[in-house]
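First up is the structure itself, then whatever we jot down about it.
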2 protein chains.
Amino acid sequence: MTERHDYHVDGAPPETPENDAAAGAWPETTIVGTRQPKVDGYERVSGAAIFPHDVSLPDMLHGAILRCPHAHANVLSIDTSAAERMPGVHAVITNKTPGAAISWYERGGQFYGKLFDDHCRHEGEEVAAIAADTFLQAMDAIRAIDVEYEELPFVIDDAQALEPDAPAVQEGGNMAGEPRVRARGDMEAGFAEAEVVVERTYRTECQIHAPMEPHGSVARWDGNKLTAWDSTQGVFSVQETLSKVFGLPMSNVRVIGHYMGGGFGAKLETGKYTVIAAILARKTARPVKIFLPREDCFTVTGNRPGNTMKIKIGATKDGKLTAIEYDSMGSCGAYRYGAGTGTLSAYLYQVANLHSVDTTVYTNAGKARPMRAPGVPQAAWSLEQAMDDLAEALGMDPLELRLKNLATGMQTEEPMQFTSNQLRACLEKGAEAFGWAKANKREPDKGHIKRGVGFAAGMWFYPGGPPATVIVKLHSDGSANLNMGASDIGTGTKTWAAMIVAEELGVPLDKIQVEHADTATTQYATSSGGSKTVPSDSPAVLAAARSVKHQLLHFASQQLELPVEDLEYADFAVTSTSNAEKTVAVTEIEMLGRRGVIMGTGYRDPNPEGTFTAPFCAQFCEVEVNTRTGEIKILRFLGAHDSGRVLNRLTYDNQVFGGIAMGIGLGVTEERVLDRRTGKMVNANFHDYKIPTMLDVAADHLCHPIDVPDNDFNSTGTKGLGEPATIPTAAAVGNAVANAIGIRVTDAPLTPRTIRRFLDSAGKEA
Amino acid sequence: MTERHDYHVDGAPPETPENDAAAGAWPETTIVGTRQPKVDGYERVSGAAIFPHDVSLPDMLHGAILRCPHAHANVLSIDTSAAERMPGVHAVITNKTPGAAISWYERGGQFYGKLFDDHCRHEGEEVAAIAADTFLQAMDAIRAIDVEYEELPFVIDDAQALEPDAPAVQEGGNMAGEPRVRARGDMEAGFAEAEVVVERTYRTECQIHAPMEPHGSVARWDGNKLTAWDSTQGVFSVQETLSKVFGLPMSNVRVIGHYMGGGFGAKLETGKYTVIAAILARKTARPVKIFLPREDCFTVTGNRPGNTMKIKIGATKDGKLTAIEYDSMGSCGAYRYGAGTGTLSAYLYQVANLHSVDTTVYTNAGKARPMRAPGVPQAAWSLEQAMDDLAEALGMDPLELRLKNLATGMQTEEPMQFTSNQLRACLEKGAEAFGWAKANKREPDKGHIKRGVGFAAGMWFYPGGPPATVIVKLHSDGSANLNMGASDIGTGTKTWAAMIVAEELGVPLDKIQVEHADTATTQYATSSGGSKTVPSDSPAVLAAARSVKHQLLHFASQQLELPVEDLEYADFAVTSTSNAEKTVAVTEIEMLGRRGVIMGTGYRDPNPEGTFTAPFCAQFCEVEVNTRTGEIKILRFLGAHDSGRVLNRLTYDNQVFGGIAMGIGLGVTEERVLDRRTGKMVNANFHDYKIPTMLDVAADHLCHPIDVPDNDFNSTGTKGLGEPATIPTAAAVGNAVANAIGIRVTDAPLTPRTIRRFLDSAGKEA
């Protein structure tokens, strides 16, 4: 009966180390940590990769959505009769259509808002939708819908929204929930202790996610089963929403998202377009595809709120922080979302006395969504410029000021230990690599072209963790299959996952097939967001690969008739450590042939309570400001990141450079412009909305990973990178500009006009 | 740290019973054993189910294959130039095309035969192939290929193939391997002991599988990755063949077969059409679909060989078998395959002295493939008619004769115990339900319409077993996902699998999503053939569901703060056995919400050595023979089957009725007719090749499962059913016809002409 045991080994022999961190770090790796092009690079470059936007099903119809053209209006009547007669039209739906009167946004288990609402609270609110044979027919037919609107007064300014006579965006008034307060210590005592105090108000503008692939979905019903090919960051989250909206068991909803063309947080939430496509598909009994026109991706699919942040910092003469007072306001647009920025001031530096208030207000504009480190780049814009301000007031090197005040743990009500904190290394090694000491002592330029250097620090607050389940299968020919639910949102998730399998099992990268992001066929994973995909899922991949390895060792031990302890797994073979002739190639392990595959399952362990995992970062830059025109040229950028162990140096670098580009957008070029007279966005296109181009980012980029594994509770030693990469960027540019021109420009983006405005106010001539 | 443990529980607490049979049978089941329509019934009936034949990919081309029109010929030259100029043609390939010179059939690790062979050994051998924009363009272009053939002498008769001057089908002569000999005891002594000896020669004709969905595949390349949508009984087997043929790691080959329209063994082997589609797809850089015309599905995709079986049985006067001598010959067609029938005579009855020889010869005809119990229905045709013959010679009820000689174990060189053997029950209970005793004593009919009754017994030799791996996932809303690699070849595999999950976890059948038959996304399974899918995979499904249940009990135990032993899983809740108020609904188990899913993995244990699992069966029928015309009318049929526990009584019945219909085809209506002058098949279509219709099968069908679980080593207690259902059918009809007309018609099919021929020979008038 001994043989029976062999078949239900999972994770194999009882002595198998479990996937805890004790099993540990890789002492030396040959693949992990190297530069590896994406495993799906061929598919991406050749066009073979099928993004949801590429999905074309037999008999598929195309949908289009009619949107409210006003910032604030009531729909008085809708006449769809002409539209229904347009060529190619198969279905028209409004909030009068049975099955389309769906409550929408969920908060705390409550649904509010509607799929189609007669009260349109912002430009672009959904009013009706059409499915037709072609996209252009659908767009034509949309225009034939006759809607009578009652235009309402609107408010688009955060502060005005709270004035007593402001138009009410939501029934309960324009406060979007209670202000969020963080407080500790004694503010009065803190500022009394201070010998130097700085205080300013900083502002950022609303930024749009603007991913390359528009938002959209293809929906198909088979009886009461719904399949959606969705451009999403998390297929399981979309599955759950569709299941709730349509009252279906989750088993009847399949969401597939094999490729997706960027999201940056905007594709964490299920889109109304997905549900509309599904309703149209059910009504027409045909698959329906809806991908939003580019304009809609500016107005209705989310944004990073603009913020007004008043910050006051006190310190002793030797640079020890004594108190921070922080007051931030932002708008979530017309529907509930938190537009706060308070975390960074509260936790980045050690400070005993803190009072921080975040106020979120409703305005008649598109709803905000999480965007690459929601709130934190804005927070850095204020905090990190204030720190430079303070350093100047103290007559101290801003680097020294930061190093004096590094946080020793999370200063929450129940303090938590950082599982690792390499912010000191980020600052010191980054400064060294950048040549900070020398650059900072440079004499000010005399002419109108003025150089300056600056840096900023940052941290991020979304540690990885369970649930994360991964399966690795080794085929009988020695190639492998890796099954994980996480979406690869363009960051290289599939690639590092394959690298871990390659490292652990010795299977070449090009012999590893990765299946992912399909609720029906892959393992459960949370959405890819919050920079937690790597720290959540990579330990599960490692654990699954180790399970396969342990099983192979176990079976080889039986075959070679040697104890497992005497065996070594190397060079795709299992060999006796005492007698190299006693060896069996992995593909010759009999049980592999008999079972067809060896399968290993891996889970992610949670970190213990009382600990907190945070990535840290510091970015340095050098800029050139033309004080005549107000134009900025960014000369060089260096990102020093503590994101734990580096898995793939190539995609790591790319994440950092991409994050810096997005931070430059926030700090220098990007800005949603709403027309004061109409409340409508006037730059909802790539011509007028200025995403940084190659000419706007630094010619000279340097990525300087600290690469110290965070191994106490995570076997791969990884922390997040995607969001930290964009956190300190704008602030670093702000500090460099101040260093160049001698005055602080508190309002982002640092467009020529803004810089000239501040220079004018300060009475500085070009 | 206790919490950490929770996350890598797989199969949960250490005390989890493993998936061995001891954990055991279901004492009472509420779903398993009932009649359940197929879970994919809607998809199948509505047309929503996408069979490989329905797959249509963007830019897909259609392929067609040029086949040799001669029974035996050499290709002297091929001119494809005209075909290449035909409209819509994108590629023409022959054995001169780089990449198309592929060795084909594998036997014992050796490849032989070619994808395209200049030596065409049978009608329909592949000569060239074309990919064009449409199927009709491809078929037109095929006709424009100019091939010069040298016609060769051919042989299509099995016995003639071994004559010295017979044309050589294969280079080594026309013996397809050494004859297979089974021998035990002392034949001379055995027949010396015999007091009664019967001896006759029985014949069957070649039968064609003829599944509803033609054979075919759609192939697509993405770089060096190949995906095939294949109408196959085993996606992993096709994956392995494609991997070998194209020299690709298995990880680069994905085979999908979500639905398929029947195979009966013909779709166990990878088709040349699949490889040709892949070659054409690589050459054109477009997906290519090849589905064979119906004619080709008669000539080149396999068949059940016709056999000539000489059988001699000796017995004592009281009916104890003393010796069986058996000599069978059949042709595998032009390529190697075993056409033997020797198993049944060797193992169905207890007999000490046996000599059995199976000879397989090459002829110039399409290659045989396994067909529903390969060899065994033919064997039953001879053995079971010989047993009736013997009973008559002994003046004994044929039922009594069988019951006296039931095998007590597998009479192999190393004897093996049956894990269960209910043949006695099949015979006795079947006879009782059929009313055998009374029917068998009926007076012979006087007119030209003569009624008769007959039965036959059978067994099958392909026990289930590992490898079989299944994953069950419970979603947070209480719906479930089941992941298994096995193909559902139309038998209801998905349905019984879902029923097991429903039984074990209490999830309703319509809340279980089944994913299967995709090498990339589902668990490894062997091909669905040999009637082993149920006994191989159902214990793995049960084990996976039990793993989920054990984890739920474990987590509920933590939540309720009660030991697992005090808890009961019922009504989709976990409840204290001592206090019904201490209860938690499954969907309220916190860890389910936290983890998103609870996943369980199940394996199939192997049976211990020295045991053998075999299903047994007996079928009874009543026929009416018109002795004037030779026509048969089958009045009623009863199948009594020992296939272990019945999972789904509805699909069980359907399997039995379908198997009987196929057996009637072998026994009464079906016959491949090769023209003696040309060697070509003259009835390669559904008009001339007579598959039984509703008018040919019995109006009155009764399925009588014995339903005794085979639980010693298999937790679901199941044995195979698909092939047993067709094993005794033809023989039962043969015995009933003999009973009706008083002479034995030894040659199948029992067409009017054959019956009249035998009546004429016997001098019997109408």
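Chains: A, B, ... in order of the structure tokens. Residues: from 1 per chain. Ligands: from 1, in order shown.
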
Determine, counting only C-alpha atoms, which protein, DNA and RNA residues have an atom within 8 Å of an atom of Phe572 in chain A; residues of the same chain fewer than 5 positions away are not included. Present the result as a PDB file with N, CA, C and O atoms, in the first residue's frame.
```pdb
ATOM      1  N   LEU A 505      12.902  25.761 -10.404  1.00  0.00           N
ATOM      2  CA  LEU A 505      12.814  24.412 -10.980  1.00  0.00           C
ATOM      3  C   LEU A 505      13.810  24.166 -12.108  1.00  0.00           C
ATOM      4  O   LEU A 505      13.976  23.028 -12.538  1.00  0.00           O
ATOM      5  N   GLY A 506      14.445  25.231 -12.599  1.00  0.00           N
ATOM      6  CA  GLY A 506      15.389  25.030 -13.696  1.00  0.00           C
ATOM      7  C   GLY A 506      14.732  24.850 -15.049  1.00  0.00           C
ATOM      8  O   GLY A 506      15.380  24.414 -16.002  1.00  0.00           O
ATOM      9  N   VAL A 507      13.455  25.165 -15.153  1.00  0.00           N
ATOM     10  CA  VAL A 507      12.782  25.107 -16.458  1.00  0.00           C
ATOM     11  C   VAL A 507      13.101  26.406 -17.197  1.00  0.00           C
ATOM     12  O   VAL A 507      12.947  27.482 -16.622  1.00  0.00           O
ATOM     13  N   ALA A 585      17.644  12.466 -14.197  1.00  0.00           N
ATOM     14  CA  ALA A 585      17.150  13.709 -14.806  1.00  0.00           C
ATOM     15  C   ALA A 585      15.689  13.885 -14.417  1.00  0.00           C
ATOM     16  O   ALA A 585      14.968  12.904 -14.244  1.00  0.00           O
ATOM     17  N   VAL A 586      15.270  15.128 -14.290  1.00  0.00           N
ATOM     18  CA  VAL A 586      13.888  15.392 -13.876  1.00  0.00           C
ATOM     19  C   VAL A 586      12.909  14.686 -14.805  1.00  0.00           C
ATOM     20  O   VAL A 586      11.948  14.058 -14.360  1.00  0.00           O
TER      21      VAL A 586
END
```

Residues of range 124-181 of chain B classed as strand (DSSP E) by DSSP on the backbone are to be reported as a list in words. Glu126, Val127, Ala128, Ala129, Ile130, Ala131, Ala132, Asp146, Val147, Glu148, Tyr149, Glu150, Glu151, Arg180 and Val181 of chain B

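Closest approach to chain A among B:Val623, B:Val45, B:Val708, B:Leu427 is made by B:Val45 (distances from only C-alpha atoms).
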
If we count only C-alpha atoms and set the cut-off at 9 Å, which residues sit around range 398-415 of chain B, ignoring sequence neighbours fewer than 5 positions away in its own chain? Please answer as a ChimeraX atom specification. /B:184,318-321,346-352,387-392,421,423-424,427-428,431,436,455,457,610-612

Output for the residues just chosen: N, CA, C and O atoms as a tab-separated table (two decimals), in the first residue's frame:
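So out_34.tsv came out as:
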```tsv
chain	number	residue	atom	x	y	z
B	184	ARG	N	-2.78	-21.34	-21.18
B	184	ARG	CA	-2.60	-21.86	-19.83
B	184	ARG	C	-3.09	-23.32	-19.82
B	184	ARG	O	-3.88	-23.73	-20.69
B	318	ASP	N	-21.95	-32.20	-17.08
B	318	ASP	CA	-22.67	-31.31	-16.18
B	318	ASP	C	-22.35	-29.84	-16.44
B	318	ASP	O	-22.70	-28.96	-15.65
B	319	GLY	N	-21.68	-29.58	-17.55
B	319	GLY	CA	-21.52	-28.20	-17.99
B	319	GLY	C	-20.29	-27.49	-17.46
B	319	GLY	O	-20.19	-26.26	-17.55
B	320	LYS	N	-19.30	-28.20	-16.96
B	320	LYS	CA	-18.08	-27.54	-16.51
B	320	LYS	C	-17.11	-27.42	-17.68
B	320	LYS	O	-16.79	-28.42	-18.35
B	321	LEU	N	-16.68	-26.21	-17.98
B	321	LEU	CA	-15.77	-26.00	-19.12
B	321	LEU	C	-14.44	-26.68	-18.82
B	321	LEU	O	-13.89	-26.55	-17.72
B	346	ALA	N	-10.54	-15.76	-22.90
B	346	ALA	CA	-9.52	-16.10	-21.90
B	346	ALA	C	-9.99	-15.82	-20.48
B	346	ALA	O	-9.56	-16.50	-19.55
B	347	TYR	N	-10.85	-14.83	-20.27
B	347	TYR	CA	-11.08	-14.38	-18.90
B	347	TYR	C	-12.54	-14.37	-18.43
B	347	TYR	O	-12.78	-14.25	-17.24
B	348	LEU	N	-13.51	-14.45	-19.35
B	348	LEU	CA	-14.89	-14.28	-18.88
B	348	LEU	C	-15.34	-15.48	-18.04
B	348	LEU	O	-16.04	-15.31	-17.04
B	349	TYR	N	-14.89	-16.69	-18.42
B	349	TYR	CA	-15.32	-17.89	-17.68
B	349	TYR	C	-14.10	-18.59	-17.09
B	349	TYR	O	-12.98	-18.48	-17.60
B	350	GLN	N	-14.36	-19.33	-16.03
B	350	GLN	CA	-13.30	-20.07	-15.38
B	350	GLN	C	-12.98	-21.30	-16.23
B	350	GLN	O	-13.85	-22.16	-16.44
B	351	VAL	N	-11.80	-21.35	-16.76
B	351	VAL	CA	-11.41	-22.53	-17.55
B	351	VAL	C	-9.90	-22.74	-17.38
B	351	VAL	O	-9.11	-21.82	-17.53
B	352	ALA	N	-9.55	-23.95	-17.06
B	352	ALA	CA	-8.15	-24.22	-16.68
B	352	ALA	C	-7.25	-24.31	-17.91
B	352	ALA	O	-6.07	-24.00	-17.83
B	387	MET	N	-21.12	-20.55	-26.49
B	387	MET	CA	-21.65	-21.00	-25.20
B	387	MET	C	-23.10	-21.48	-25.36
B	387	MET	O	-23.49	-22.49	-24.78
B	388	ASP	N	-23.87	-20.76	-26.16
B	388	ASP	CA	-25.25	-21.20	-26.41
B	388	ASP	C	-25.25	-22.54	-27.16
B	388	ASP	O	-26.06	-23.44	-26.89
B	389	ASP	N	-24.33	-22.61	-28.12
B	389	ASP	CA	-24.14	-23.82	-28.90
B	389	ASP	C	-23.86	-25.00	-27.96
B	389	ASP	O	-24.48	-26.07	-28.07
B	390	LEU	N	-22.98	-24.75	-27.02
B	390	LEU	CA	-22.59	-25.76	-26.05
B	390	LEU	C	-23.77	-26.13	-25.16
B	390	LEU	O	-24.03	-27.32	-24.90
B	391	ALA	N	-24.50	-25.11	-24.72
B	391	ALA	CA	-25.66	-25.36	-23.87
B	391	ALA	C	-26.66	-26.26	-24.60
B	391	ALA	O	-27.22	-27.20	-24.02
B	392	GLU	N	-26.83	-25.97	-25.89
B	392	GLU	CA	-27.76	-26.78	-26.67
B	392	GLU	C	-27.26	-28.22	-26.75
B	392	GLU	O	-28.03	-29.17	-26.58
B	421	ASN	N	-17.31	-8.34	-8.63
B	421	ASN	CA	-17.79	-9.08	-9.80
B	421	ASN	C	-19.26	-9.43	-9.57
B	421	ASN	O	-19.58	-10.31	-8.79
B	423	LEU	N	-21.31	-10.39	-12.06
B	423	LEU	CA	-21.83	-11.01	-13.28
B	423	LEU	C	-23.01	-11.93	-12.95
B	423	LEU	O	-23.99	-11.99	-13.70
B	424	ARG	N	-22.89	-12.61	-11.81
B	424	ARG	CA	-24.02	-13.47	-11.41
B	424	ARG	C	-25.31	-12.64	-11.27
B	424	ARG	O	-26.36	-13.02	-11.79
B	427	LEU	N	-26.70	-11.64	-14.63
B	427	LEU	CA	-27.39	-12.74	-15.31
B	427	LEU	C	-28.71	-13.07	-14.61
B	427	LEU	O	-29.75	-13.17	-15.25
B	428	GLU	N	-28.65	-13.20	-13.30
B	428	GLU	CA	-29.85	-13.64	-12.58
B	428	GLU	C	-30.92	-12.55	-12.55
B	428	GLU	O	-32.09	-12.78	-12.85
B	431	ALA	N	-32.15	-11.80	-16.06
B	431	ALA	CA	-33.04	-12.87	-16.53
B	431	ALA	C	-34.42	-12.73	-15.89
B	431	ALA	O	-35.46	-12.88	-16.54
B	436	TRP	N	-36.81	-14.38	-18.51
B	436	TRP	CA	-36.07	-15.34	-19.32
B	436	TRP	C	-36.67	-16.74	-19.24
B	436	TRP	O	-36.90	-17.40	-20.26
B	455	PHE	N	-29.51	-14.11	-25.03
B	455	PHE	CA	-28.77	-13.19	-24.18
B	455	PHE	C	-27.29	-13.46	-24.36
B	455	PHE	O	-26.89	-14.47	-24.96
B	457	ALA	N	-23.34	-12.53	-22.21
B	457	ALA	CA	-22.64	-11.88	-21.10
B	457	ALA	C	-21.38	-11.21	-21.63
B	457	ALA	O	-20.97	-11.43	-22.77
B	610	GLY	N	-2.23	-6.71	-7.71
B	610	GLY	CA	-2.89	-7.99	-7.45
B	610	GLY	C	-4.41	-7.90	-7.51
B	610	GLY	O	-5.10	-8.89	-7.29
B	611	THR	N	-4.91	-6.70	-7.78
B	611	THR	CA	-6.36	-6.57	-7.94
B	611	THR	C	-6.66	-6.10	-9.35
B	611	THR	O	-5.79	-5.53	-10.02
B	612	PHE	N	-7.86	-6.35	-9.79
B	612	PHE	CA	-8.26	-5.97	-11.14
B	612	PHE	C	-9.71	-5.52	-11.09
B	612	PHE	O	-10.56	-6.18	-10.50
```

Pick out the closest residue to chain A from this set: B:Pro211, B:Gly593, B:Gly99, B:Gly492. Count only C-alpha atoms.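 Ranked by minimum distance to chain A, first place goes to B:Gly593.
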
Quick one: pick out all alpha helix (DSSP H) residues within range 197-419 of chain A from a backbone DSSP run and write them as a PyMOL selection string. chain A and resi 235-246+272-284+294-299+343-347+376-394+398-404

Write the residues you've just listed into a file as an mmCIF file, in the first residue's frame, and include C-alpha atoms for each of them.
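As a result, part_27.cif now contains:
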```cif
data_model
loop_
_atom_site.group_PDB
_atom_site.id
_atom_site.type_symbol
_atom_site.label_atom_id
_atom_site.label_comp_id
_atom_site.auth_asym_id
_atom_site.auth_seq_id
_atom_site.Cartn_x
_atom_site.Cartn_y
_atom_site.Cartn_z
ATOM 1 C CA VAL A 235 -11.258 39.797 -13.238
ATOM 2 C CA PHE A 236 -12.514 38.439 -9.918
ATOM 3 C CA SER A 237 -13.713 41.847 -8.821
ATOM 4 C CA VAL A 238 -15.663 42.307 -12.069
ATOM 5 C CA GLN A 239 -17.083 38.798 -11.633
ATOM 6 C CA GLU A 240 -18.332 39.704 -8.160
ATOM 7 C CA THR A 241 -19.938 42.964 -9.332
ATOM 8 C CA LEU A 242 -21.658 41.371 -12.323
ATOM 9 C CA SER A 243 -22.866 38.548 -10.117
ATOM 10 C CA LYS A 244 -24.462 41.067 -7.723
ATOM 11 C CA VAL A 245 -25.883 43.333 -10.421
ATOM 12 C CA PHE A 246 -27.515 40.520 -12.363
ATOM 13 C CA LYS A 272 -21.026 50.910 -16.276
ATOM 14 C CA TYR A 273 -20.137 50.101 -19.890
ATOM 15 C CA THR A 274 -19.609 46.444 -18.907
ATOM 16 C CA VAL A 275 -23.065 46.196 -17.392
ATOM 17 C CA ILE A 276 -24.616 48.109 -20.285
ATOM 18 C CA ALA A 277 -22.953 45.746 -22.775
ATOM 19 C CA ALA A 278 -24.355 42.808 -20.812
ATOM 20 C CA ILE A 279 -27.878 44.274 -20.729
ATOM 21 C CA LEU A 280 -27.766 44.973 -24.476
ATOM 22 C CA ALA A 281 -26.420 41.476 -25.107
ATOM 23 C CA ARG A 282 -29.227 39.908 -23.117
ATOM 24 C CA LYS A 283 -31.821 42.037 -24.893
ATOM 25 C CA THR A 284 -30.513 41.242 -28.381
ATOM 26 C CA ARG A 294 -11.344 58.467 -26.100
ATOM 27 C CA GLU A 295 -13.264 61.566 -24.953
ATOM 28 C CA ASP A 296 -15.298 59.494 -22.500
ATOM 29 C CA CYS A 297 -12.101 58.066 -21.043
ATOM 30 C CA PHE A 298 -11.286 61.620 -19.966
ATOM 31 C CA THR A 299 -14.664 62.598 -18.568
ATOM 32 C CA THR A 343 -1.198 59.642 5.004
ATOM 33 C CA LEU A 344 2.241 60.830 3.999
ATOM 34 C CA SER A 345 2.468 63.736 6.473
ATOM 35 C CA ALA A 346 1.264 61.404 9.176
ATOM 36 C CA TYR A 347 3.704 58.539 8.662
ATOM 37 C CA VAL A 376 0.157 60.361 -2.072
ATOM 38 C CA PRO A 377 1.906 62.182 -4.952
ATOM 39 C CA GLN A 378 -0.217 65.226 -4.033
ATOM 40 C CA ALA A 379 0.764 64.728 -0.396
ATOM 41 C CA ALA A 380 4.421 64.565 -1.389
ATOM 42 C CA TRP A 381 3.962 67.764 -3.432
ATOM 43 C CA SER A 382 3.018 69.535 -0.202
ATOM 44 C CA LEU A 383 5.009 67.687 2.481
ATOM 45 C CA GLU A 384 8.253 67.314 0.599
ATOM 46 C CA GLN A 385 8.293 70.902 -0.585
ATOM 47 C CA ALA A 386 7.473 71.993 2.970
ATOM 48 C CA MET A 387 10.434 69.938 4.195
ATOM 49 C CA ASP A 388 12.713 71.772 1.763
ATOM 50 C CA ASP A 389 11.133 75.018 2.881
ATOM 51 C CA LEU A 390 11.929 74.070 6.458
ATOM 52 C CA ALA A 391 15.476 73.062 5.598
ATOM 53 C CA GLU A 392 16.002 76.434 3.992
ATOM 54 C CA ALA A 393 14.572 78.173 7.045
ATOM 55 C CA LEU A 394 16.918 76.117 9.226
ATOM 56 C CA PRO A 398 17.413 69.127 3.045
ATOM 57 C CA LEU A 399 18.974 65.664 2.911
ATOM 58 C CA GLU A 400 20.262 66.015 6.445
ATOM 59 C CA LEU A 401 16.848 67.218 7.627
ATOM 60 C CA ARG A 402 15.153 64.082 6.262
ATOM 61 C CA LEU A 403 17.781 61.735 7.679
ATOM 62 C CA LYS A 404 17.256 63.295 11.130
#
```

Residues within 8 Å of range 50-67 of chain A, only C-alpha atoms, excluding chain neighbours under 2 positions, as a PyMOL selection string: (chain A and resi 47-48+69+123-135+138-139+142-143+213-214+216-218+229-231+257-261+273+277+280+286-292) or (chain B and resi 56+58)

Can you pull out every residue within 9 Å of range 624-639 of chain A, counting only C-alpha atoms, but drop anything in the same chain fewer than 3 positions away, and send it as a ChimeraX atom specification? /A:426,430-431,433-434,447-453,617-621,656-657,660,668,695-705,725,729,733,736-737,740-741,750-757,759,764-766

Contact residues around Gly659 in chain A with only C-alpha atoms at 9 Å, ignoring same-chain residues under 6 positions, as an mmCIF file with N, CA and C atoms, in the first residue's frame:
```
data_model
loop_
_atom_site.group_PDB
_atom_site.id
_atom_site.type_symbol
_atom_site.label_atom_id
_atom_site.label_comp_id
_atom_site.auth_asym_id
_atom_site.auth_seq_id
_atom_site.Cartn_x
_atom_site.Cartn_y
_atom_site.Cartn_z
ATOM 1 N N ARG A 372 -2.770 55.616 -9.373
ATOM 2 C CA ARG A 372 -1.367 55.348 -9.000
ATOM 3 C C ARG A 372 -0.982 56.062 -7.702
ATOM 4 N N GLY A 722 5.123 49.798 -8.181
ATOM 5 C CA GLY A 722 4.410 50.587 -9.199
ATOM 6 C C GLY A 722 4.023 51.973 -8.730
ATOM 7 N N GLU A 723 3.441 52.065 -7.544
ATOM 8 C CA GLU A 723 2.963 53.360 -7.087
ATOM 9 C C GLU A 723 4.098 54.203 -6.480
ATOM 10 N N PRO A 724 4.975 53.614 -5.659
ATOM 11 C CA PRO A 724 6.101 54.423 -5.163
ATOM 12 C C PRO A 724 6.829 55.160 -6.293
ATOM 13 N N ALA A 725 6.892 54.527 -7.474
ATOM 14 C CA ALA A 725 7.656 55.134 -8.566
ATOM 15 C C ALA A 725 7.141 56.511 -8.948
ATOM 16 N N THR A 726 5.882 56.787 -8.624
ATOM 17 C CA THR A 726 5.311 58.066 -9.051
ATOM 18 C C THR A 726 5.092 59.021 -7.886
ATOM 19 N N ILE A 727 5.347 58.530 -6.650
ATOM 20 C CA ILE A 727 5.008 59.330 -5.465
ATOM 21 C C ILE A 727 5.861 60.601 -5.307
ATOM 22 N N THR A 729 7.897 62.152 -7.418
ATOM 23 C CA THR A 729 8.406 62.786 -8.636
ATOM 24 C C THR A 729 8.072 64.281 -8.731
#
```

Sorted per-residue table, chain A near chain B, closest atoms and distance, 7 Å, only C-alpha atoms, as a tab-separated table:
```
residue	atom	partner	partner_atom	distance
A:Met1	CA	B:Pro608	CA	6.4
A:Arg4	CA	B:Asp605	CA	5.8
A:Tyr7	CA	B:Asp605	CA	5.9
A:His8	CA	B:Tyr603	CA	5.7
A:Tyr42	CA	B:Gly223	CA	6.8
A:Glu43	CA	B:Asp222	CA	6.8
A:Ala48	CA	B:Asp222	CA	6.1
A:Asp222	CA	B:Ala48	CA	6.1
A:Gly223	CA	B:Tyr42	CA	6.9
A:Pro249	CA	B:Ser479	CA	5.8
A:Met250	CA	B:Ser479	CA	6.0
A:Ser251	CA	B:Gln513	CA	5.1
A:Asn252	CA	B:Gln513	CA	6.6
A:Pro466	CA	B:Arg595	CA	7.0
A:Pro467	CA	B:Arg595	CA	4.7
A:His475	CA	B:Met250	CA	6.9
A:Asp477	CA	B:Met250	CA	6.7
A:Ser479	CA	B:Ser251	CA	5.4
A:Ala480	CA	B:Ser251	CA	5.7
A:Asn481	CA	B:Ser251	CA	6.1
A:Lys511	CA	B:Ser251	CA	5.5
A:Ile512	CA	B:Ser251	CA	5.6
A:Gln513	CA	B:Ser251	CA	5.1
A:Glu515	CA	B:Thr521	CA	6.6
A:Ala520	CA	B:Glu515	CA	6.8
A:Thr521	CA	B:Thr521	CA	5.4
A:Thr522	CA	B:Thr521	CA	6.8
A:Tyr524	CA	B:Val597	CA	6.6
A:Arg594	CA	B:Pro467	CA	6.9
A:Arg595	CA	B:Pro467	CA	4.7
A:Gly596	CA	B:Tyr524	CA	6.7
A:Val597	CA	B:Tyr524	CA	6.5
A:Tyr603	CA	B:His8	CA	5.6
A:Asp605	CA	B:Arg4	CA	5.8
A:Pro606	CA	B:Arg4	CA	6.0
A:Pro608	CA	B:Met1	CA	6.4
```
